[in-house]
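What follows is a single structure, written as structure tokens, with notes after it.
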Amino acid sequence: MLLTWISEVADEPLALEPADLRVEWETNTWSLGAADEDRSSLSVTEVVAAFKQTAAAIRERIHVWAFLG
């Protein structure tokens, strides 16, 4: 389940508001936790790979927006 939650973050609302850091913080901050089953079955490599894929997807969204921040 943790890997699914990590990947879903890439599709969540994303705020890029340099003039309003509170909006960015409230929109872009996520808290994820792993159930006992995930902690015992997932490897660090799998979790890191999921975060890397999510980061790449978010970077692509920002690139498409042509955000110059």
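Ligands are numbered from 1 in the order shown, chains are lettered A, B, ... in the order of the structure tokens, and residues start at 1 in each chain.
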
_Env of Leu32 (chain A): 9 Å cut, atoms = only C-alpha atoms, seq-sep filter 5 positions within chain, self excluded. Answer as a PyMOL selection string._
chain A and resi 2+5-6

*Skip Trp65 (chain A) itself and residues of its chain fewer than 4 positions away, then list as a VMD selection string all residues within 12 Å of it, counting only C-alpha atoms.*
chain A and resid 14 to 16 58 to 61 69

*Asp38 (chain A) environment, 12 Å, only C-alpha atoms, sequence neighbours closer than 4 positions dropped, as number ranges by chain*: A: 1-5, 32-34, 42-44, 46-47

*Name all residues at most 12 Å from Ala57 (chain A) (count only C-alpha atoms; drop same-chain ones fewer than 2 positions away) and give them as a list in words.*
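The neighbour list is Ile6, Ser7, Glu8, Val9, Ala10, Asp11, Glu12, Leu14, Ala50, Phe51, Lys52, Gln53, Thr54, Ala55, Arg59, Glu60, Arg61, Ile62, His63 and Val64 of chain A.
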
*When DSSP works through the backbone of this structure, what residues of chain A end up as helix (DSSP H, G or I), shown as a VMD selection string?*
chain A and resid 2 to 9 21 to 28 36 to 41 44 to 65

Selection export as a PDB file, in the first residue's frame, atoms kept: C-alpha atoms:
```
ATOM      1  CA  LEU A   2       2.848   2.407   0.782  1.00  0.00           C
ATOM      2  CA  LEU A   3       4.167   2.244  -2.785  1.00  0.00           C
ATOM      3  CA  THR A   4       0.696   3.097  -4.085  1.00  0.00           C
ATOM      4  CA  TRP A   5       0.404   6.072  -1.747  1.00  0.00           C
ATOM      5  CA  ILE A   6       3.831   7.333  -2.786  1.00  0.00           C
ATOM      6  CA  SER A   7       2.917   7.170  -6.470  1.00  0.00           C
ATOM      7  CA  GLU A   8      -0.448   8.876  -5.872  1.00  0.00           C
ATOM      8  CA  VAL A   9       1.308  11.962  -4.510  1.00  0.00           C
ATOM      9  CA  LEU A  21       4.667  29.954   1.139  1.00  0.00           C
ATOM     10  CA  ARG A  22       1.759  28.977   3.384  1.00  0.00           C
ATOM     11  CA  VAL A  23      -0.268  27.878   0.343  1.00  0.00           C
ATOM     12  CA  GLU A  24       2.703  25.854  -0.895  1.00  0.00           C
ATOM     13  CA  TRP A  25       3.233  24.274   2.507  1.00  0.00           C
ATOM     14  CA  GLU A  26      -0.422  23.386   3.032  1.00  0.00           C
ATOM     15  CA  THR A  27      -0.856  22.001  -0.487  1.00  0.00           C
ATOM     16  CA  ASN A  28       2.471  20.276  -1.026  1.00  0.00           C
ATOM     17  CA  ASP A  36       3.371  -3.412   9.550  1.00  0.00           C
ATOM     18  CA  GLU A  37       2.935  -5.540   6.428  1.00  0.00           C
ATOM     19  CA  ASP A  38       4.729  -2.954   4.274  1.00  0.00           C
ATOM     20  CA  ARG A  39       7.544  -2.534   6.785  1.00  0.00           C
ATOM     21  CA  SER A  40       8.215  -6.242   6.774  1.00  0.00           C
ATOM     22  CA  SER A  41       7.875  -6.829   3.032  1.00  0.00           C
ATOM     23  CA  VAL A  44      14.622   0.240   0.869  1.00  0.00           C
ATOM     24  CA  THR A  45      15.354  -0.061  -2.849  1.00  0.00           C
ATOM     25  CA  GLU A  46      11.641  -0.398  -3.663  1.00  0.00           C
ATOM     26  CA  VAL A  47      10.662   2.583  -1.545  1.00  0.00           C
ATOM     27  CA  VAL A  48      13.465   4.760  -2.933  1.00  0.00           C
ATOM     28  CA  ALA A  49      12.477   3.796  -6.492  1.00  0.00           C
ATOM     29  CA  ALA A  50       8.865   4.777  -5.803  1.00  0.00           C
ATOM     30  CA  PHE A  51       9.951   8.174  -4.471  1.00  0.00           C
ATOM     31  CA  LYS A  52      12.244   8.690  -7.479  1.00  0.00           C
ATOM     32  CA  GLN A  53       9.378   7.942  -9.881  1.00  0.00           C
ATOM     33  CA  THR A  54       7.102  10.318  -8.008  1.00  0.00           C
ATOM     34  CA  ALA A  55       9.729  13.071  -8.005  1.00  0.00           C
ATOM     35  CA  ALA A  56      10.252  12.613 -11.752  1.00  0.00           C
ATOM     36  CA  ALA A  57       6.513  12.881 -12.384  1.00  0.00           C
ATOM     37  CA  ILE A  58       6.275  16.060 -10.309  1.00  0.00           C
ATOM     38  CA  ARG A  59       9.303  17.532 -12.103  1.00  0.00           C
ATOM     39  CA  GLU A  60       7.586  16.809 -15.433  1.00  0.00           C
ATOM     40  CA  ARG A  61       4.399  18.546 -14.279  1.00  0.00           C
ATOM     41  CA  ILE A  62       6.419  21.611 -13.314  1.00  0.00           C
ATOM     42  CA  HIS A  63       8.301  21.513 -16.626  1.00  0.00           C
ATOM     43  CA  VAL A  64       5.032  21.361 -18.594  1.00  0.00           C
ATOM     44  CA  TRP A  65       3.804  24.423 -16.708  1.00  0.00           C
TER      45      TRP A  65
END
```
